[in-house]
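What follows is the content of structure36.cif (mmCIF, C-alpha atoms).
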data_input
#
loop_
_atom_site.label_atom_id
_atom_site.label_comp_id
_atom_site.auth_asym_id
_atom_site.auth_seq_id
_atom_site.Cartn_x
_atom_site.Cartn_y
_atom_site.Cartn_z
CA MET A 1 71.44 44.14 53.47
CA SER A 2 74.38 43.08 55.59
CA ASP A 3 77.01 40.46 54.77
CA ILE A 4 77.22 39.41 58.40
CA ALA A 5 76.26 35.78 58.92
CA ALA A 6 73.58 35.38 61.54
CA THR A 7 73.25 32.42 63.86
CA ALA A 8 69.57 33.13 64.35
CA THR A 9 66.99 35.57 63.04
CA LEU A 10 64.22 37.25 64.99
CA ASP A 11 61.54 38.89 62.88
CA THR A 12 59.50 41.40 64.88
CA SER A 13 57.95 43.05 61.84
CA GLY A 14 54.64 44.72 62.64
CA LYS A 15 55.13 44.47 66.38
CA CYS A 16 55.62 47.48 68.64
CA CYS A 17 57.09 48.28 72.02
CA PRO A 18 57.47 46.35 74.28
CA MET A 19 57.41 43.21 72.12
CA PRO A 20 60.55 43.69 69.98
CA MET A 21 62.64 44.14 73.13
CA VAL A 22 60.84 41.37 75.04
CA GLU A 23 61.46 38.98 72.15
CA THR A 24 65.05 40.17 71.67
CA ASN A 25 65.78 39.46 75.34
CA LYS A 26 64.30 35.98 74.97
CA ALA A 27 66.18 35.29 71.76
CA ILE A 28 69.58 36.36 73.05
CA LYS A 29 69.23 34.06 76.06
CA SER A 30 68.94 31.06 73.76
CA LEU A 31 72.22 31.84 71.99
CA ALA A 32 75.82 31.12 72.93
CA VAL A 33 78.52 33.75 73.40
CA GLY A 34 79.87 34.67 69.98
CA ASP A 35 76.61 33.92 68.17
CA VAL A 36 75.04 36.64 66.05
CA LEU A 37 71.37 37.50 66.29
CA GLU A 38 69.73 39.20 63.34
CA ILE A 39 66.75 41.31 64.37
CA ILE A 40 64.26 42.56 61.84
CA ALA A 41 62.02 45.36 63.06
CA THR A 42 59.54 47.91 61.79
CA ASP A 43 59.02 49.70 65.11
CA VAL A 44 61.00 52.95 64.79
CA GLY A 45 61.40 52.93 68.56
CA THR A 46 63.96 50.16 68.16
CA ARG A 47 66.35 52.64 66.48
CA LYS A 48 67.28 53.81 69.96
CA ASP A 49 66.11 50.79 71.99
CA ILE A 50 68.36 48.20 70.35
CA PRO A 51 71.65 50.20 70.47
CA SER A 52 71.08 51.24 74.09
CA TRP A 53 70.08 47.68 75.02
CA CYS A 54 73.33 46.40 73.47
CA GLU A 55 75.38 48.89 75.47
CA ARG A 56 73.48 48.15 78.69
CA THR A 57 73.63 44.38 78.43
CA GLY A 58 77.14 44.08 77.06
CA GLN A 59 76.29 42.91 73.54
CA THR A 60 77.86 44.30 70.37
CA LEU A 61 75.79 45.94 67.68
CA LEU A 62 77.59 44.87 64.52
CA SER A 63 75.30 46.60 62.06
CA MET A 64 72.12 48.59 61.77
CA THR A 65 70.62 49.20 58.35
CA GLU A 66 67.26 50.52 57.26
CA LYS A 67 65.46 50.19 53.97
CA ASP A 68 61.82 50.84 53.07
CA GLY A 69 60.77 51.01 56.69
CA VAL A 70 62.43 47.76 57.69
CA ILE A 71 65.31 48.02 60.16
CA ASN A 72 67.83 45.24 60.24
CA TYR A 73 70.19 44.74 63.18
CA HIS A 74 73.01 42.27 63.74
CA VAL A 75 73.94 41.79 67.37
CA ARG A 76 76.80 39.63 68.61
CA LYS A 77 76.25 38.03 71.97
CA ASP A 78 79.29 38.90 74.07
CA ARG A 79 78.08 37.86 77.52
CA MET B 1 68.35 48.61 86.35
CA LYS B 2 67.97 46.00 89.04
CA SER B 3 64.58 46.85 90.50
CA MET B 4 61.51 48.92 89.78
CA ALA B 5 58.35 49.56 91.82
CA ILE B 6 55.11 50.66 90.21
CA VAL B 7 51.87 51.84 91.81
CA ILE B 8 48.84 51.59 89.52
CA ARG B 9 45.69 53.57 90.24
CA ASP B 10 44.15 54.11 86.80
CA ASP B 11 42.06 51.13 85.85
CA SER B 12 40.77 51.84 82.37
CA TYR B 13 41.91 49.40 79.68
CA ASP B 14 44.05 51.94 77.83
CA LYS B 15 45.63 53.53 80.88
CA ILE B 16 46.65 50.26 82.48
CA LEU B 17 48.47 49.19 79.33
CA THR B 18 51.42 51.53 79.84
CA PRO B 19 52.55 50.32 83.27
CA LEU B 20 52.06 46.72 82.19
CA ALA B 21 54.10 47.33 79.04
CA PHE B 22 56.86 49.06 81.01
CA ALA B 23 56.92 46.16 83.46
CA TYR B 24 57.09 43.63 80.62
CA LEU B 25 59.90 45.54 78.96
CA THR B 26 62.07 45.78 82.04
CA ALA B 27 61.23 42.32 83.41
CA SER B 28 62.28 40.76 80.11
CA GLU B 29 65.70 42.23 80.77
CA GLY B 30 65.82 40.73 84.25
CA THR B 31 64.72 43.73 86.28
CA GLN B 32 62.74 42.81 89.40
CA VAL B 33 59.39 44.61 89.16
CA ASP B 34 56.99 44.97 92.08
CA MET B 35 53.54 46.35 91.28
CA LEU B 36 50.96 47.59 93.79
CA PHE B 37 47.39 47.94 92.54
CA VAL B 38 45.45 50.61 94.41
CA ASN B 39 42.00 52.15 94.21
CA TRP B 40 39.79 50.79 91.39
CA ALA B 41 42.84 49.21 89.71
CA VAL B 42 42.90 46.54 92.40
CA LYS B 43 40.01 44.87 90.58
CA ALA B 44 42.38 44.13 87.69
CA LEU B 45 43.85 41.47 89.99
CA THR B 46 40.64 39.46 89.75
CA ALA B 47 39.71 37.50 86.63
CA GLU B 48 36.31 39.16 86.46
CA GLY B 49 37.71 42.64 87.05
CA ALA B 50 40.48 42.25 84.46
CA ALA B 51 37.95 41.11 81.87
CA ALA B 52 35.69 44.05 82.65
CA LEU B 53 38.28 46.76 82.00
CA ARG B 54 37.10 49.22 79.36
CA ILE B 55 38.18 52.53 77.91
CA ASP B 56 36.49 55.40 79.70
CA GLY B 57 35.44 58.89 78.81
CA ARG B 58 36.00 60.61 75.52
CA HIS B 59 37.97 57.69 74.06
CA ALA B 60 35.38 55.04 74.92
CA ALA B 61 34.11 54.76 71.36
CA GLU B 62 37.61 53.92 70.15
CA GLU B 63 38.05 50.76 72.18
CA ALA B 64 37.88 48.37 69.24
CA MET B 65 40.60 50.34 67.46
CA VAL B 66 42.80 50.25 70.56
CA ARG B 67 42.34 46.51 71.05
CA GLU B 68 43.19 45.93 67.41
CA GLY B 69 46.32 48.04 67.83
CA VAL B 70 47.34 46.07 70.91
CA ALA B 71 47.01 42.82 68.97
CA LYS B 72 49.06 44.24 66.09
CA ALA B 73 51.76 45.32 68.52
CA GLY B 74 52.08 41.68 69.54
CA LEU B 75 50.73 41.97 73.06
CA PRO B 76 47.92 39.77 74.35
CA VAL B 77 44.67 41.74 74.02
CA GLU B 78 43.16 40.74 77.35
CA ILE B 79 44.64 42.34 80.46
CA TYR B 80 44.65 39.05 82.37
CA ASP B 81 46.67 37.47 79.55
CA ILE B 82 49.17 40.33 79.75
CA ILE B 83 49.44 39.76 83.51
CA LYS B 84 50.11 36.07 82.86
CA ALA B 85 52.79 36.98 80.31
CA LEU B 86 54.46 39.28 82.83
CA LYS B 87 54.32 36.59 85.49
CA SER B 88 55.96 34.11 83.14
CA THR B 89 59.10 36.27 83.08
CA GLY B 90 59.69 35.28 86.70
CA CYS B 91 60.56 38.88 87.54
CA VAL B 92 57.20 40.49 88.30
CA ASN B 93 55.26 40.48 91.57
CA PHE B 94 51.66 41.72 91.74
CA TYR B 95 50.27 43.03 95.01
CA ALA B 96 46.77 44.19 95.93
CA CYS B 97 46.55 47.15 98.30
CA SER B 98 44.64 46.04 101.39
CA LEU B 99 42.63 49.27 101.64
CA ALA B 100 41.64 49.10 98.00
CA ALA B 101 40.83 45.41 98.32
CA ALA B 102 38.51 46.12 101.25
CA ILE B 103 36.74 48.98 99.48
CA PHE B 104 36.44 47.52 96.00
CA GLY B 105 35.59 43.93 96.84
CA VAL B 106 38.81 42.01 96.33
CA ASN B 107 39.72 39.22 98.70
CA GLU B 108 41.93 36.16 98.82
CA GLY B 109 39.08 34.18 97.32
CA ASN B 110 38.84 36.12 94.07
CA LEU B 111 42.44 37.27 93.73
CA ILE B 112 44.10 35.77 90.67
CA PRO B 113 46.79 33.16 91.44
CA GLU B 114 49.40 35.30 89.67
CA ALA B 115 49.11 37.87 92.46
CA GLU B 116 51.37 37.55 95.50
CA GLY B 117 48.64 38.63 97.89
CA ILE B 118 46.90 41.51 99.64
CA VAL B 119 49.39 43.78 101.37
CA GLY B 120 49.52 46.96 103.39
CA ALA B 121 50.68 50.08 101.62
CA ALA B 122 53.20 50.81 104.38
CA TRP B 123 55.00 47.55 103.65
CA PHE B 124 55.01 48.14 99.92
CA LEU B 125 56.15 51.75 100.13
CA ASN B 126 58.95 51.02 102.60
CA ASP B 127 60.09 47.56 101.58
CA LYS B 128 59.54 47.76 97.83
CA ALA B 129 59.12 51.31 96.55
CA ALA B 130 61.72 52.99 98.76
CA LYS B 131 64.26 50.25 98.04
CA ALA B 132 63.67 50.09 94.30
CA GLU B 133 66.09 51.77 91.93
CA HIS B 134 63.20 53.29 90.07
CA TYR B 135 59.64 54.11 91.11
CA GLN B 136 56.65 54.94 88.94
CA TYR B 137 53.08 55.91 89.65
CA PHE B 138 50.27 55.51 87.13
#
What's the structure tokens form of this structure?
Amino acid sequence: MSDIAATATLDTSGKCCPMPMVETNKAIKSLAVGDVLEIIATDVGTRKDIPSWCERTGQTLLSMTEKDGVINYHVRKDR
Amino acid sequence: MKSMAIVIRDDSYDKILTPLAFAYLTASEGTQVDMLFVNWAVKALTAEGAAALRIDGRHAAEEAMVREGVAKAGLPVEIYDIIKALKSTGCVNFYACSLAAAIFGVNEGNLIPEAEGIVGAAWFLNDKAAKAEHYQYF
């Protein structure tokens, strides 16, 4: 678990591509710059999708942890 | 990526999922996606045709499993509902190829309202596909 405080949490557990990314894009739009989005995922495809999405869209991946098949991301909205 | 053009020919339920998923993925990020439905796939742009899509050939018996997997993935199970979801992004345009429409029985009367219309392939290939950053054919 991360100590980073999240502004909002998006739980995509059980869902697969494209839905985690579709829902992440929707969720980030509803946040303000500086807010932190916690994303919970079980789709292993997000291991590469989320970091590359952050780089592409100008967000900052603050943390990425994985335990028992659940991947937890914290993304700060920077733009 | 700013724009993507996709031509869809395969019309079986399982094979049409991939281009629709790719379009959903990129459109959710703001990419403009233009999709041309050709050959039998043009029927997916009618309510009746979309509802009739099935898995063909050696995987036909596994359709229930595939539909269950689609639901678990979080996508709408019905193709028309996926099309509606894509349209709701505001970044996806659906076009019916005029040749395919003429051959396979699609017209402006049965075209779903989410589709932009029936267009010539020359227009799509030159004004959409050739100008898109990325082009895919399914």
Identify all chain B residues at most 12 Å from chain A by counting only C-alpha atoms; ligands do not count. Present them as a VMD selection string. chain B and resid 1 to 2 17 to 31 69 to 76 82 85 to 86 88 to 89
Quick one: residues within 12 Å of Asn107 of chain B, all atoms listed in the file counted, chain neighbours fewer than 2 positions away excluded, as an NGL selection string? :B and (42-43 or 45-46 or 95-105 or 109-113 or 115 or 117-119)
Residue among B:Ala121, B:Val106, B:Ala41, B:Ala130 lying closest to Leu53 of chain B, counting all atoms listed in the file: B:Ala41
Have a look at atom CA of Gly90 of chain B and atom CA of Asp34 of chain B and let me know their distance in Å, one decimal. 11.4 Å
Which protein, DNA or RNA residues are at most 6 Å from (74.3, 42.4, 60.4) in the file's coordinates when you count only C-alpha atoms, listed as a tab-separated table (two decimals) with C-alpha atoms, keeping the file's coordinate frame?
chain	number	residue	atom	x	y	z
A	2	SER	CA	74.38	43.08	55.59
A	4	ILE	CA	77.22	39.41	58.40
A	62	LEU	CA	77.59	44.87	64.52
A	63	SER	CA	75.30	46.60	62.06
A	73	TYR	CA	70.19	44.74	63.18
A	74	HIS	CA	73.01	42.27	63.74
For the provided coordinates, the residues matched by the PyMOL selection byres ((chain A and resi 78) around 8) should be stated as a PyMOL selection string. chain A and resi 33-34+58-60+76-77+79
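The residue that comes closest to Ala52 of chain B, out of B:Ala5, B:Cys91, B:Leu125, B:Ile79 and on the basis of all atoms listed in the file, is B:Ile79.
The residue that comes closest to Thr7 of chain A, out of A:Leu61, A:Cys54, A:Val75, A:Ile40 and on the basis of only C-alpha atoms, is A:Val75.
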Test item: residues at most 8 Å from Asp10 of chain B, all atoms listed in the file, excluding those fewer than 6 positions along its chain, as a list in words: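 Result of the neighbour search: Ile16, Asn39, Trp40, Ala41 and Phe138 of chain B.
Straight-line separation from atom CA of Asp127 of chain B to atom CA of Glu108 of chain B: 21.6 Å.
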Would you fill the gaps in segment 22-37 of chain A so it has N, CA, C and O atoms, then print it as a PDB file, keeping the file's coordinate frame?
ATOM      1  N   VAL A  22      61.149  42.592  74.273  1.00  0.00           N
ATOM      2  CA  VAL A  22      60.840  41.370  75.040  1.00  0.00           C
ATOM      3  C   VAL A  22      61.340  40.157  74.260  1.00  0.00           C
ATOM      4  O   VAL A  22      62.000  39.263  74.808  1.00  0.00           O
ATOM      5  N   GLU A  23      61.059  40.136  72.964  1.00  0.00           N
ATOM      6  CA  GLU A  23      61.460  38.980  72.150  1.00  0.00           C
ATOM      7  C   GLU A  23      62.966  38.951  71.915  1.00  0.00           C
ATOM      8  O   GLU A  23      63.556  37.871  71.823  1.00  0.00           O
ATOM      9  N   THR A  24      63.584  40.130  71.830  1.00  0.00           N
ATOM     10  CA  THR A  24      65.050  40.170  71.670  1.00  0.00           C
ATOM     11  C   THR A  24      65.724  39.609  72.927  1.00  0.00           C
ATOM     12  O   THR A  24      66.679  38.831  72.833  1.00  0.00           O
ATOM     13  N   ASN A  25      65.217  39.992  74.086  1.00  0.00           N
ATOM     14  CA  ASN A  25      65.780  39.460  75.340  1.00  0.00           C
ATOM     15  C   ASN A  25      65.654  37.949  75.404  1.00  0.00           C
ATOM     16  O   ASN A  25      66.575  37.246  75.835  1.00  0.00           O
ATOM     17  N   LYS A  26      64.504  37.436  74.969  1.00  0.00           N
ATOM     18  CA  LYS A  26      64.300  35.980  74.970  1.00  0.00           C
ATOM     19  C   LYS A  26      65.261  35.315  73.994  1.00  0.00           C
ATOM     20  O   LYS A  26      65.869  34.292  74.294  1.00  0.00           O
ATOM     21  N   ALA A  27      65.364  35.905  72.813  1.00  0.00           N
ATOM     22  CA  ALA A  27      66.180  35.290  71.760  1.00  0.00           C
ATOM     23  C   ALA A  27      67.653  35.252  72.140  1.00  0.00           C
ATOM     24  O   ALA A  27      68.335  34.248  71.909  1.00  0.00           O
ATOM     25  N   ILE A  28      68.149  36.308  72.733  1.00  0.00           N
ATOM     26  CA  ILE A  28      69.580  36.360  73.050  1.00  0.00           C
ATOM     27  C   ILE A  28      69.936  35.324  74.119  1.00  0.00           C
ATOM     28  O   ILE A  28      71.044  34.788  74.136  1.00  0.00           O
ATOM     29  N   LYS A  29      68.974  35.039  74.992  1.00  0.00           N
ATOM     30  CA  LYS A  29      69.230  34.060  76.060  1.00  0.00           C
ATOM     31  C   LYS A  29      69.440  32.658  75.488  1.00  0.00           C
ATOM     32  O   LYS A  29      70.108  31.831  76.101  1.00  0.00           O
ATOM     33  N   SER A  30      68.854  32.412  74.332  1.00  0.00           N
ATOM     34  CA  SER A  30      68.940  31.060  73.760  1.00  0.00           C
ATOM     35  C   SER A  30      70.223  30.871  72.943  1.00  0.00           C
ATOM     36  O   SER A  30      70.473  29.786  72.442  1.00  0.00           O
ATOM     37  N   LEU A  31      71.006  31.915  72.798  1.00  0.00           N
ATOM     38  CA  LEU A  31      72.220  31.840  71.990  1.00  0.00           C
ATOM     39  C   LEU A  31      73.470  31.690  72.869  1.00  0.00           C
ATOM     40  O   LEU A  31      73.440  31.976  74.060  1.00  0.00           O
ATOM     41  N   ALA A  32      74.536  31.252  72.228  1.00  0.00           N
ATOM     42  CA  ALA A  32      75.820  31.120  72.930  1.00  0.00           C
ATOM     43  C   ALA A  32      76.654  32.374  72.688  1.00  0.00           C
ATOM     44  O   ALA A  32      76.431  33.095  71.703  1.00  0.00           O
ATOM     45  N   VAL A  33      77.608  32.617  73.574  1.00  0.00           N
ATOM     46  CA  VAL A  33      78.520  33.750  73.400  1.00  0.00           C
ATOM     47  C   VAL A  33      79.237  33.610  72.052  1.00  0.00           C
ATOM     48  O   VAL A  33      79.711  32.522  71.708  1.00  0.00           O
ATOM     49  N   GLY A  34      79.240  34.691  71.309  1.00  0.00           N
ATOM     50  CA  GLY A  34      79.870  34.670  69.980  1.00  0.00           C
ATOM     51  C   GLY A  34      78.859  34.534  68.858  1.00  0.00           C
ATOM     52  O   GLY A  34      79.150  34.864  67.710  1.00  0.00           O
ATOM     53  N   ASP A  35      77.671  34.037  69.183  1.00  0.00           N
ATOM     54  CA  ASP A  35      76.610  33.920  68.170  1.00  0.00           C
ATOM     55  C   ASP A  35      76.130  35.308  67.754  1.00  0.00           C
ATOM     56  O   ASP A  35      76.241  36.282  68.517  1.00  0.00           O
ATOM     57  N   VAL A  36      75.564  35.367  66.558  1.00  0.00           N
ATOM     58  CA  VAL A  36      75.040  36.640  66.050  1.00  0.00           C
ATOM     59  C   VAL A  36      73.538  36.525  65.842  1.00  0.00           C
ATOM     60  O   VAL A  36      73.054  35.609  65.170  1.00  0.00           O
ATOM     61  N   LEU A  37      72.827  37.448  66.436  1.00  0.00           N
ATOM     62  CA  LEU A  37      71.370  37.500  66.290  1.00  0.00           C
ATOM     63  C   LEU A  37      71.008  38.597  65.296  1.00  0.00           C
ATOM     64  O   LEU A  37      71.406  39.755  65.467  1.00  0.00           O
TER      65      LEU A  37
END
